[in-house]
$ cat query-v8.cif   # mmCIF, C-alpha atoms and all ligand atoms
data_coords
#
loop_
_atom_site.label_atom_id
_atom_site.label_comp_id
_atom_site.auth_asym_id
_atom_site.auth_seq_id
_atom_site.Cartn_x
_atom_site.Cartn_y
_atom_site.Cartn_z
CA MET A 42 11.72 1.39 23.99
CA LEU A 43 10.71 3.68 21.16
CA LYS A 44 7.19 5.05 20.76
CA LEU A 45 5.83 5.83 17.27
CA PRO A 46 2.43 6.96 16.03
CA GLY A 47 0.31 4.27 14.35
CA LEU A 48 1.46 3.83 10.75
CA ILE A 49 -0.83 4.38 7.77
CA ASP A 50 -0.55 2.05 4.78
CA PRO A 51 -2.42 3.57 1.84
CA HIS A 52 -1.96 0.54 -0.46
CA VAL A 53 -3.20 -2.88 0.68
CA HIS A 54 -4.85 -5.77 -1.19
CA VAL A 55 -7.27 -7.35 1.26
CA ARG A 56 -8.62 -10.06 -1.16
CA GLU A 57 -12.11 -10.07 0.35
CA PRO A 58 -14.54 -10.51 -1.36
CA GLY A 59 -13.64 -13.38 -3.61
CA GLN A 60 -10.19 -14.67 -2.71
CA THR A 61 -10.21 -15.23 1.00
CA HIS A 62 -7.93 -18.24 0.62
CA LYS A 63 -5.18 -15.63 0.07
CA GLU A 64 -6.25 -13.15 2.80
CA ASP A 65 -9.37 -11.57 4.31
CA TRP A 66 -10.32 -8.56 6.44
CA ASP A 67 -9.45 -10.51 9.58
CA THR A 68 -5.98 -11.78 8.64
CA VAL A 69 -4.92 -8.63 6.80
CA THR A 70 -5.73 -6.38 9.77
CA GLN A 71 -3.92 -8.78 12.11
CA ALA A 72 -0.88 -8.53 9.82
CA ALA A 73 -1.22 -4.74 9.84
CA LEU A 74 -1.23 -4.52 13.64
CA ALA A 75 1.74 -6.89 13.89
CA GLY A 76 3.55 -4.51 11.54
CA GLY A 77 2.70 -1.37 13.54
CA VAL A 78 0.10 -0.26 10.98
CA THR A 79 -3.16 1.03 12.47
CA THR A 80 -4.85 2.24 9.26
CA ILE A 81 -5.01 0.46 5.91
CA LEU A 82 -6.58 1.64 2.66
CA ALA A 83 -7.88 -1.31 0.65
CA MET A 84 -7.55 -1.68 -3.13
CA PRO A 85 -10.61 -2.51 -5.27
CA ASN A 86 -9.24 -5.34 -7.48
CA THR A 87 -11.19 -8.02 -5.64
CA ILE A 88 -13.65 -10.52 -7.11
CA PRO A 89 -16.03 -8.90 -7.87
CA PRO A 90 -14.12 -5.62 -8.18
CA ILE A 91 -15.37 -2.76 -5.97
CA PHE A 92 -16.89 -0.37 -8.51
CA ASP A 93 -20.46 0.51 -7.45
CA HIS A 94 -22.77 0.81 -4.47
CA SER A 95 -23.49 -2.89 -3.96
CA THR A 96 -19.88 -4.08 -4.28
CA LEU A 97 -18.75 -1.30 -1.94
CA GLU A 98 -21.33 -2.38 0.64
CA LEU A 99 -20.29 -6.01 0.17
CA THR A 100 -16.70 -5.36 1.21
CA LEU A 101 -17.57 -2.79 3.89
CA ASP A 102 -19.97 -5.31 5.49
CA ALA A 103 -17.14 -7.81 5.78
CA ALA A 104 -14.80 -5.12 7.11
CA ARG A 105 -17.34 -4.03 9.73
CA GLN A 106 -17.50 -7.58 11.05
CA LYS A 107 -13.86 -8.56 10.80
CA ALA A 108 -11.43 -5.62 10.75
CA ARG A 109 -9.18 -5.23 13.78
CA CYS A 110 -7.57 -1.95 12.71
CA ASP A 111 -8.97 1.14 10.98
CA TYR A 112 -9.59 1.03 7.25
CA GLY A 113 -10.83 2.73 4.12
CA GLN A 114 -11.89 1.21 0.81
CA TYR A 115 -11.02 2.52 -2.65
CA LEU A 116 -13.45 2.35 -5.52
CA GLY A 117 -12.12 1.12 -8.87
CA ALA A 118 -12.46 3.32 -11.96
CA GLY A 119 -14.26 1.32 -14.64
CA PRO A 120 -15.13 2.14 -18.26
CA SER A 121 -18.58 3.47 -17.37
CA ASN A 122 -18.86 4.22 -13.64
CA ALA A 123 -17.61 7.84 -13.44
CA ASP A 124 -20.97 9.21 -12.24
CA ILE A 125 -21.48 6.46 -9.68
CA ALA A 126 -17.88 6.79 -8.47
CA ALA A 127 -18.27 10.53 -8.01
CA SER A 128 -21.48 10.09 -6.03
CA LEU A 129 -19.96 7.38 -3.80
CA ALA A 130 -16.71 9.32 -3.28
CA PRO A 131 -17.38 10.45 0.33
CA LYS A 132 -17.75 6.81 1.41
CA THR A 133 -14.47 5.76 -0.18
CA ALA A 134 -10.77 6.15 0.53
CA GLY A 135 -10.57 7.52 -3.01
CA LEU A 136 -10.61 6.35 -6.64
CA LYS A 137 -8.07 3.83 -7.92
CA MET A 138 -7.32 3.91 -11.63
CA TYR A 139 -5.52 0.96 -13.23
CA LEU A 140 -3.85 2.39 -16.31
CA ASP A 141 -1.42 -0.51 -16.82
CA SER A 142 -2.08 -4.23 -16.76
CA THR A 143 -1.76 -6.08 -13.49
CA PHE A 144 -3.63 -8.58 -11.30
CA GLY A 145 -7.41 -8.22 -11.77
CA GLU A 146 -9.73 -6.83 -14.42
CA LEU A 147 -9.87 -3.11 -13.84
CA ARG A 148 -7.58 -1.84 -16.59
CA LEU A 149 -8.59 1.33 -18.48
CA ASP A 150 -6.71 1.12 -21.76
CA ASP A 151 -8.18 3.92 -23.71
CA MET A 152 -7.44 7.48 -22.53
CA THR A 153 -10.99 8.57 -23.45
CA LEU A 154 -12.06 6.35 -20.52
CA TRP A 155 -9.86 8.33 -18.12
CA THR A 156 -11.42 11.69 -18.92
CA PRO A 157 -14.85 11.36 -17.23
CA HIS A 158 -13.16 10.27 -14.01
CA PHE A 159 -10.83 13.27 -14.07
CA GLN A 160 -13.77 15.55 -14.80
CA LYS A 161 -16.20 14.15 -12.25
CA PHE A 162 -14.40 12.68 -9.24
CA PRO A 163 -14.37 15.36 -6.48
CA LYS A 164 -11.09 17.26 -6.44
CA SER A 165 -11.02 17.07 -2.66
CA MET A 166 -10.87 13.25 -2.76
CA PRO A 167 -7.74 11.21 -3.56
CA MET A 168 -7.19 9.68 -6.99
CA VAL A 169 -4.53 6.96 -7.05
CA MET A 170 -2.90 5.83 -10.27
CA HIS A 171 -1.42 2.47 -11.12
CA SER A 172 0.59 3.99 -13.94
CA GLU A 173 4.08 2.95 -14.90
CA SER A 174 6.70 4.78 -16.93
CA ARG A 175 5.13 6.65 -19.89
CA THR A 176 1.64 5.95 -18.63
CA MET A 177 2.66 7.78 -15.46
CA ALA A 178 3.72 10.76 -17.58
CA ALA A 179 0.25 10.71 -19.15
CA ALA A 180 -1.43 10.57 -15.73
CA ILE A 181 0.58 13.61 -14.62
CA LEU A 182 -0.45 15.46 -17.78
CA PHE A 183 -4.11 14.69 -16.96
CA SER A 184 -3.53 16.06 -13.45
CA ALA A 185 -2.20 19.30 -14.94
CA ILE A 186 -4.97 19.61 -17.54
CA TYR A 187 -7.82 18.94 -15.12
CA ASP A 188 -6.05 20.75 -12.28
CA ARG A 189 -6.61 18.06 -9.72
CA PRO A 190 -4.28 16.15 -7.37
CA VAL A 191 -3.13 12.65 -8.33
CA HIS A 192 -1.20 10.17 -6.24
CA ILE A 193 1.15 7.84 -8.12
CA ALA A 194 1.28 4.35 -6.61
CA HIS A 195 4.44 2.25 -6.25
CA VAL A 196 7.07 4.37 -8.04
CA SER A 197 9.96 2.08 -8.90
CA LEU A 198 12.04 3.62 -11.71
CA LYS A 199 14.59 6.38 -11.96
CA GLU A 200 12.74 7.91 -14.93
CA GLU A 201 9.56 8.00 -12.81
CA ILE A 202 10.99 9.61 -9.69
CA LEU A 203 12.82 12.20 -11.79
CA LEU A 204 9.66 13.10 -13.73
CA ILE A 205 7.66 13.42 -10.49
CA LYS A 206 10.37 15.69 -9.12
CA ALA A 207 10.15 17.88 -12.22
CA ALA A 208 6.35 17.92 -12.12
CA LYS A 209 6.37 18.99 -8.45
CA GLU A 210 8.83 21.76 -9.30
CA LYS A 211 6.32 22.99 -11.91
CA GLY A 212 3.62 23.09 -9.27
CA ILE A 213 1.64 20.12 -10.60
CA LYS A 214 -0.36 18.50 -7.80
CA VAL A 215 1.30 15.12 -7.83
CA THR A 216 2.26 13.00 -4.84
CA CYS A 217 3.76 9.52 -4.80
CA GLU A 218 4.53 6.44 -2.78
CA VAL A 219 7.36 3.90 -2.89
CA CYS A 220 7.17 0.31 -1.63
CA PRO A 221 9.83 -1.33 0.54
CA HIS A 222 10.39 -4.07 -2.05
CA HIS A 223 11.42 -1.43 -4.60
CA LEU A 224 13.78 0.14 -2.04
CA PHE A 225 15.41 -3.04 -0.80
CA LEU A 226 15.28 -5.55 -3.70
CA THR A 227 16.46 -5.52 -7.31
CA LYS A 228 15.51 -7.58 -10.33
CA ASP A 229 18.55 -9.76 -9.60
CA LEU A 230 16.78 -11.24 -6.58
CA THR A 231 17.87 -14.90 -6.35
CA GLY A 232 17.11 -17.86 -4.15
CA PHE A 233 13.43 -17.98 -5.10
CA THR A 234 11.33 -19.70 -7.72
CA PRO A 235 10.71 -17.27 -10.62
CA GLY A 236 7.07 -16.90 -9.54
CA ARG A 237 8.09 -15.47 -6.19
CA THR A 238 9.97 -12.63 -7.86
CA GLU A 239 6.88 -11.59 -9.87
CA VAL A 240 5.44 -8.24 -8.83
CA ARG A 241 3.95 -5.21 -10.65
CA PRO A 242 5.70 -2.88 -11.10
CA ARG A 243 8.55 -5.35 -11.59
CA LEU A 244 11.65 -5.23 -9.43
CA ALA A 245 14.08 -2.84 -11.09
CA THR A 246 17.82 -2.29 -11.49
CA GLN A 247 20.31 -1.18 -8.86
CA GLU A 248 20.46 2.19 -10.63
CA ASP A 249 16.69 2.59 -10.21
CA VAL A 250 16.89 1.61 -6.54
CA ASP A 251 19.75 4.06 -5.98
CA SER A 252 17.74 6.85 -7.59
CA LEU A 253 14.83 6.26 -5.18
CA TRP A 254 17.20 6.53 -2.20
CA ALA A 255 18.85 9.61 -3.73
CA ASN A 256 15.43 11.29 -4.09
CA LEU A 257 13.89 10.47 -0.72
CA ASP A 258 12.67 14.06 -0.48
CA VAL A 259 10.48 13.51 -3.58
CA ILE A 260 8.81 10.45 -2.00
CA ASP A 261 5.68 11.47 -0.07
CA CYS A 262 4.74 8.08 1.37
CA PHE A 263 5.96 4.58 1.93
CA ALA A 264 3.27 2.01 1.14
CA THR A 265 3.47 -1.77 1.20
CA ASP A 266 1.33 -2.74 -1.81
CA HIS A 267 0.68 -5.80 0.38
CA ALA A 268 -0.46 -8.23 -2.34
CA PRO A 269 -0.75 -11.71 -0.87
CA HIS A 270 -0.91 -14.82 -3.08
CA THR A 271 -0.38 -18.30 -1.68
CA LEU A 272 2.88 -20.20 -2.11
CA GLU A 273 1.08 -22.78 -4.20
CA GLU A 274 0.01 -20.00 -6.59
CA LYS A 275 3.41 -18.29 -6.62
CA ASP A 276 5.20 -21.57 -7.33
CA GLY A 277 2.60 -22.88 -9.78
CA GLU A 278 1.95 -22.20 -13.46
CA ASN A 279 1.09 -18.56 -14.30
CA PRO A 280 2.23 -17.16 -10.95
CA PRO A 281 0.26 -14.01 -10.06
CA PRO A 282 2.33 -10.89 -9.30
CA GLY A 283 2.51 -9.51 -5.78
CA PHE A 284 4.40 -9.59 -2.48
CA PRO A 285 3.09 -9.47 1.09
CA GLY A 286 4.53 -6.50 2.98
CA LEU A 287 2.54 -5.37 6.01
CA GLU A 288 4.68 -7.19 8.57
CA THR A 289 8.05 -6.34 7.05
CA MET A 290 7.82 -2.62 6.21
CA LEU A 291 8.52 -1.19 9.67
CA PRO A 292 11.38 -3.56 10.59
CA LEU A 293 13.03 -2.87 7.20
CA LEU A 294 12.69 0.90 7.63
CA LEU A 295 13.93 0.77 11.25
CA THR A 296 16.94 -1.21 10.04
CA ALA A 297 17.59 1.44 7.39
CA ILE A 298 17.42 4.08 10.12
CA ASP A 299 19.95 2.10 12.15
CA LEU A 300 22.21 2.09 9.08
CA ARG A 301 21.74 5.89 8.71
CA ARG A 302 20.08 5.55 5.31
CA LEU A 303 16.91 7.15 6.65
CA THR A 304 15.92 9.31 9.64
CA PHE A 305 13.09 8.93 12.13
CA ASP A 306 11.70 12.13 10.77
CA ASP A 307 11.57 10.53 7.27
CA LEU A 308 9.71 7.55 8.74
CA ILE A 309 7.12 9.67 10.54
CA GLN A 310 6.64 11.99 7.56
CA LYS A 311 6.22 9.21 4.99
CA CYS A 312 4.28 6.67 7.08
CA VAL A 313 2.07 8.96 9.15
CA ILE A 314 1.98 12.70 8.41
CA ASN A 315 1.96 12.76 4.61
CA PRO A 316 -0.47 9.86 4.08
CA GLY A 317 -2.69 11.39 6.76
CA LYS A 318 -2.84 14.64 4.76
CA ILE A 319 -2.98 13.22 1.23
CA PHE A 320 -5.78 10.79 2.10
CA ASP A 321 -7.48 13.15 4.55
CA LEU A 322 -7.56 10.65 7.41
CA PRO A 323 -8.96 11.28 10.88
CA GLU A 324 -6.66 11.46 13.89
CA GLN A 325 -6.42 8.29 15.96
CA PRO A 326 -6.37 9.53 19.55
CA GLU A 327 -4.48 7.47 22.16
CA THR A 328 -2.85 5.41 19.44
CA TRP A 329 0.81 4.41 19.38
CA VAL A 330 3.30 1.68 18.50
CA GLU A 331 6.02 0.52 20.89
CA VAL A 332 9.21 -0.75 19.31
CA ASP A 333 12.21 -2.51 20.83
CA GLU A 334 14.86 -0.65 18.85
CA ASN A 335 17.63 -3.06 19.76
CA ALA A 336 15.91 -6.36 19.01
CA VAL A 337 17.84 -8.11 16.24
CA TYR A 338 16.10 -11.04 14.59
CA GLU A 339 15.41 -12.80 11.30
CA ILE A 340 12.25 -12.23 9.28
CA LYS A 341 10.34 -15.51 9.06
CA ALA A 342 7.12 -16.21 7.16
CA ALA A 343 6.26 -18.75 9.85
CA HIS A 344 5.81 -15.89 12.33
CA GLN A 345 3.53 -13.80 10.11
CA PHE A 346 -0.22 -13.30 10.41
CA THR A 347 -0.82 -12.93 6.66
CA ARG A 348 -2.48 -16.02 5.20
CA CYS A 349 -0.18 -16.17 2.18
CA GLY A 350 2.58 -18.10 3.96
CA TRP A 351 5.70 -16.51 2.53
CA THR A 352 7.78 -13.33 2.29
CA PRO A 353 10.44 -12.20 -0.19
CA PHE A 354 12.47 -11.07 2.86
CA GLU A 355 12.71 -14.55 4.43
CA GLY A 356 15.85 -14.81 6.55
CA TRP A 357 16.71 -11.09 6.41
CA LYS A 358 18.31 -9.89 9.60
CA VAL A 359 16.57 -6.78 10.88
CA LYS A 360 16.85 -4.53 13.92
CA GLY A 361 13.69 -3.15 15.53
CA LYS A 362 10.64 -5.13 16.65
CA VAL A 363 7.04 -4.10 17.28
CA THR A 364 6.30 -5.11 20.87
CA LYS A 365 2.95 -3.41 21.47
CA VAL A 366 0.29 -1.47 19.57
CA VAL A 367 -2.36 0.62 21.27
CA LEU A 368 -5.29 1.67 19.09
CA ARG A 369 -7.74 4.26 20.44
CA GLY A 370 -6.79 3.44 24.02
CA GLU A 371 -7.05 -0.36 23.69
CA THR A 372 -4.05 -2.69 23.49
CA ALA A 373 -4.42 -4.17 20.02
CA PHE A 374 -1.18 -6.15 19.80
CA GLU A 375 1.29 -7.25 22.47
CA ASP A 376 4.15 -9.77 22.70
CA GLY A 377 3.38 -11.31 19.34
CA LYS A 378 -0.37 -11.66 19.93
CA VAL A 379 -3.22 -9.75 18.33
CA LEU A 380 -5.60 -8.64 21.09
CA ALA A 381 -7.90 -6.33 19.13
CA GLU A 382 -11.26 -7.96 18.49
CA ALA A 383 -12.67 -8.66 15.05
CA GLY A 384 -14.97 -5.75 14.21
CA SER A 385 -13.17 -3.23 16.43
CA GLY A 386 -11.64 -1.44 13.41
CA ARG A 387 -13.35 1.72 12.18
CA ASN A 388 -14.02 2.96 8.68
CA VAL A 389 -12.01 6.18 8.19
CA ARG A 390 -14.99 7.55 6.21
CA GLY A 391 -17.47 6.31 8.81
O1 LIG B 401 2.16 -7.08 -8.00
C1 LIG B 401 1.04 -6.63 -7.94
N1 LIG B 401 0.04 -7.32 -7.34
N2 LIG B 401 0.77 -5.42 -8.46
C2 LIG B 401 -0.49 -4.95 -8.54
O2 LIG B 401 -0.67 -3.86 -9.03
C3 LIG B 401 -1.63 -5.76 -8.09
C4 LIG B 401 -1.20 -6.70 -7.06
C5 LIG B 401 -2.22 -7.75 -6.74
O3 LIG B 401 -3.39 -7.39 -6.55
O4 LIG B 401 -1.85 -8.90 -6.60
ZN ZN B 402 -1.37 -2.76 -5.58
#

$ encode --input "query-v8.cif" --output "structure tokens" --more "lines below"
Ligand code: DOR
Ligand code: ZN
Amino acid sequence: MLKLPGLIDPHVHVREPGQTHKEDWDTVTQAALAGGVTTILAMPNTIPPIFDHSTLELTLDAARQKARCDYGQYLGAGPSNADIAASLAPKTAGLKMYLDSTFGELRLDDMTLWTPHFQKFPKSMPMVMHSESRTMAAAILFSAIYDRPVHIAHVSLKEEILLIKAAKEKGIKVTCEVCPHHLFLTKDLTGFTPGRTEVRPRLATQEDVDSLWANLDVIDCFATDHAPHTLEEKDGENPPPGFPGLETMLPLLLTAIDLRRLTFDDLIQKCVINPGKIFDLPEQPETWVEVDENAVYEIKAAHQFTRCGWTPFEGWKVKGKVTKVVLRGETAFEDGKVLAEAGSGRNVRG
């Protein structure tokens, strides 16, 4: 039996308010616990989006009643909410800026709309960028100009990881995360309907994947970008982009450790220590995850707690199973069952 600290996932789409047929605060935190994750940070691209006081309270009310693990909620950067965002900052996980198009309505096209957020959002609070390729280069330039840290979400390309490496070498305050699906899958993924391969950023080439593995030291965090959509939606017309990931990240990483592609130290750094620092998260005393290192089994959507009903890793053979999770002294998950009560999760900014 292996004992790990509770994992932190800084990139989760909860879907509540507005799309609870995909997921809600209850099911997403059950999925988190089953995956050894004891803290999630929730993205703001809900319906309505979380961008002011009342929408923030709307989602935090639901979280207070339903969450079974600890959580924080990002605010979305809109075209005209820089003052409000700055004043709400202490109650949020941080500010999320959508600089490229994706699922939801929070895109900031025009760079003049970025500036007030860079000027006003407190430098001590995280700013997370959905920014791909050249947009990412622009976000890093903004970080340098306004001398404030930025965190780049879901890095997937060789050109991105190399530019982040160079920016770090120059002393620019940039950190980044990589998702398991960009480490373990390529754009040649087969055996699925086209809709089930849709994700933003898109799956990339083998060369891109290899460059992420070759630059593990540049990667600050692993994050799932857990983005549940139902099978009906994924297999229908206009499939929305996004993969679930909370229940598969740890088994995939443990399997990579078994194959000597990764070390335990990498896992702890990128899933606990670095996200804890970057997002300024409180300690969780008496919190740990027990793993049966030798359990070999197949990933099956049928065994997952997420409401979305599928996984791009269906049938993958993995080694390493979460057997128990203890959160703040209480057994939260054991032998495949979630024991933590709805509402027992705490807001990390509480
Ligand atoms: O694939 C994605 N799905 N990428 C995103 O940035 C958003 C997410 C979603 O919310 O479904
Ligand atoms: Zn996302």

$ closest_residue --input "query-v8.cif" --among "A:Ala130, A:Val379, A:Met177, A:Val215" --to "His192 (chain A)" --atoms "only C-alpha atoms"
A:Val215

$ residues_near_ligand --input "query-v8.cif" --ligand "ligand ZN 402 (chain B)" --cutoff "9 Å" --atoms "only C-alpha atoms and all ligand atoms" --output "NGL selection string"
:A and (52-54 or 84 or 86 or 143-144 or 171 or 194-195 or 241-242 or 265-268 or 283)

$ residues_around --input "query-v8.cif" --residues "region 317-328 of chain A" --least-positions-apart "5" --cutoff "9 Å" --atoms "all atoms listed in the file" --output "list of chain:residue names"
A:Leu45, A:Pro46, A:Gly47, A:Ile49, A:Pro51, A:Thr79, A:Ala134, A:Gly135, A:Ser165, A:Met166, A:Pro167, A:His192, A:Thr216, A:Asp261, A:Cys312, A:Val366, A:Val367, A:Leu368, A:Arg369, A:Gly370, A:Glu371, A:Val389, A:Arg390

$ write_last_selection --input "query-v8.cif" --atoms "C-alpha atoms" --output "PDB file, in the frame of the given file"
ATOM      1  CA  LEU A  45       5.830   5.830  17.270  1.00  0.00           C
ATOM      2  CA  PRO A  46       2.430   6.960  16.030  1.00  0.00           C
ATOM      3  CA  GLY A  47       0.310   4.270  14.350  1.00  0.00           C
ATOM      4  CA  ILE A  49      -0.830   4.380   7.770  1.00  0.00           C
ATOM      5  CA  PRO A  51      -2.420   3.570   1.840  1.00  0.00           C
ATOM      6  CA  THR A  79      -3.160   1.030  12.470  1.00  0.00           C
ATOM      7  CA  ALA A 134     -10.770   6.150   0.530  1.00  0.00           C
ATOM      8  CA  GLY A 135     -10.570   7.520  -3.010  1.00  0.00           C
ATOM      9  CA  SER A 165     -11.020  17.070  -2.660  1.00  0.00           C
ATOM     10  CA  MET A 166     -10.870  13.250  -2.760  1.00  0.00           C
ATOM     11  CA  PRO A 167      -7.740  11.210  -3.560  1.00  0.00           C
ATOM     12  CA  HIS A 192      -1.200  10.170  -6.240  1.00  0.00           C
ATOM     13  CA  THR A 216       2.260  13.000  -4.840  1.00  0.00           C
ATOM     14  CA  ASP A 261       5.680  11.470  -0.070  1.00  0.00           C
ATOM     15  CA  CYS A 312       4.280   6.670   7.080  1.00  0.00           C
ATOM     16  CA  VAL A 366       0.290  -1.470  19.570  1.00  0.00           C
ATOM     17  CA  VAL A 367      -2.360   0.620  21.270  1.00  0.00           C
ATOM     18  CA  LEU A 368      -5.290   1.670  19.090  1.00  0.00           C
ATOM     19  CA  ARG A 369      -7.740   4.260  20.440  1.00  0.00           C
ATOM     20  CA  GLY A 370      -6.790   3.440  24.020  1.00  0.00           C
ATOM     21  CA  GLU A 371      -7.050  -0.360  23.690  1.00  0.00           C
ATOM     22  CA  VAL A 389     -12.010   6.180   8.190  1.00  0.00           C
ATOM     23  CA  ARG A 390     -14.990   7.550   6.210  1.00  0.00           C
TER      24      ARG A 390
END

$ closest_residue --input "query-v8.cif" --among "A:Pro281, A:Pro292, A:Pro131, A:Pro316" --to "ligand LIG 401 (chain B)" --atoms "all atoms listed in the file"
A:Pro281

$ closest_residue --input "query-v8.cif" --among "A:Phe225, A:Phe346, A:Ile260, A:Glu278" --to "Thr296 (chain A)" --atoms "only C-alpha atoms"
A:Phe225

$ atom_distance --input "query-v8.cif" --atom1 "atom O2 of ligand LIG 401 (chain B)" --atom2 "CA of Lys132 (chain A)"
22.7 Å

$ closest_residue --input "query-v8.cif" --among "A:Ala178, A:Leu147, A:Leu300, A:Leu136" --to "Lys164 (chain A)" --atoms "all atoms listed in the file"
A:Leu136

$ closest_residue --input "query-v8.cif" --among "A:Asp258, A:Asp65, A:Asp141, A:Glu355" --to "ligand LIG 401 (chain B)" --atoms "all atoms listed in the file"
A:Asp141

$ residues_around --input "query-v8.cif" --residues "Lys209 (chain A)" --least-positions-apart "2" --cutoff "12 Å" --atoms "all atoms listed in the file" --output "JSON, numbers by chain"
{"A": [181, 184, 185, 190, 191, 192, 202, 203, 204, 205, 206, 207, 211, 212, 213, 214, 215, 216, 217, 258, 259, 260, 261]}

$ residues_around --input "query-v8.cif" --residues "Asp276 (chain A)" --least-positions-apart "4" --cutoff "7 Å" --atoms "all atoms listed in the file" --output "PyMOL selection string"
chain A and resi 234+236-237+272+280

$ closest_residue --input "query-v8.cif" --among "A:Leu303, A:Ala75, A:Leu140, A:Val240" --to "ligand LIG 401 (chain B)" --atoms "only C-alpha atoms and all ligand atoms"
A:Val240

$ residues_around --input "query-v8.cif" --residues "Gly386 (chain A)" --least-positions-apart "3" --cutoff "10 Å" --atoms "all atoms listed in the file" --output "list in words"
Thr70, Thr79, Thr80, Ala104, Arg105, Gln106, Lys107, Ala108, Arg109, Cys110, Asp111, Tyr112, Leu368, Arg369, Ala381, Glu382, Ala383 and Val389 of chain A

$ atom_distance --input "query-v8.cif" --atom1 "CA of Asp188 (chain A)" --atom2 "CA of Leu154 (chain A)"
17.6 Å

$ atom_distance --input "query-v8.cif" --atom1 "CA of Asp67 (chain A)" --atom2 "atom C2 of ligand LIG 401 (chain B)"
21.0 Å

$ residues_near_point --input "query-v8.cif" --point "(2.0, -15.9, 3.3)" --cutoff "10 Å" --atoms "only C-alpha atoms" --output "number ranges by chain"
A: 63-64, 268-272, 284-286, 342-353

$ residues_around --input "query-v8.cif" --residues "Gln160 (chain A)" --least-positions-apart "4" --cutoff "12 Å" --atoms "all atoms listed in the file" --output "ChimeraX atom specification"
/A:123-124,126-127,153-156,164,168,183-184,186-189

$ write_last_selection --input "query-v8.cif" --atoms "C-alpha atoms" --output "short mmCIF file (atom, residue, chain, number, x, y, z; two decimals), in the coordinates of the input"
data_model
loop_
_atom_site.label_atom_id
_atom_site.label_comp_id
_atom_site.auth_asym_id
_atom_site.auth_seq_id
_atom_site.Cartn_x
_atom_site.Cartn_y
_atom_site.Cartn_z
CA ALA A 123 -17.61 7.84 -13.44
CA ASP A 124 -20.97 9.21 -12.24
CA ALA A 126 -17.88 6.79 -8.47
CA ALA A 127 -18.27 10.53 -8.01
CA THR A 153 -10.99 8.57 -23.45
CA LEU A 154 -12.06 6.35 -20.52
CA TRP A 155 -9.86 8.33 -18.12
CA THR A 156 -11.42 11.69 -18.92
CA LYS A 164 -11.09 17.26 -6.44
CA MET A 168 -7.19 9.68 -6.99
CA PHE A 183 -4.11 14.69 -16.96
CA SER A 184 -3.53 16.06 -13.45
CA ILE A 186 -4.97 19.61 -17.54
CA TYR A 187 -7.82 18.94 -15.12
CA ASP A 188 -6.05 20.75 -12.28
CA ARG A 189 -6.61 18.06 -9.72
#
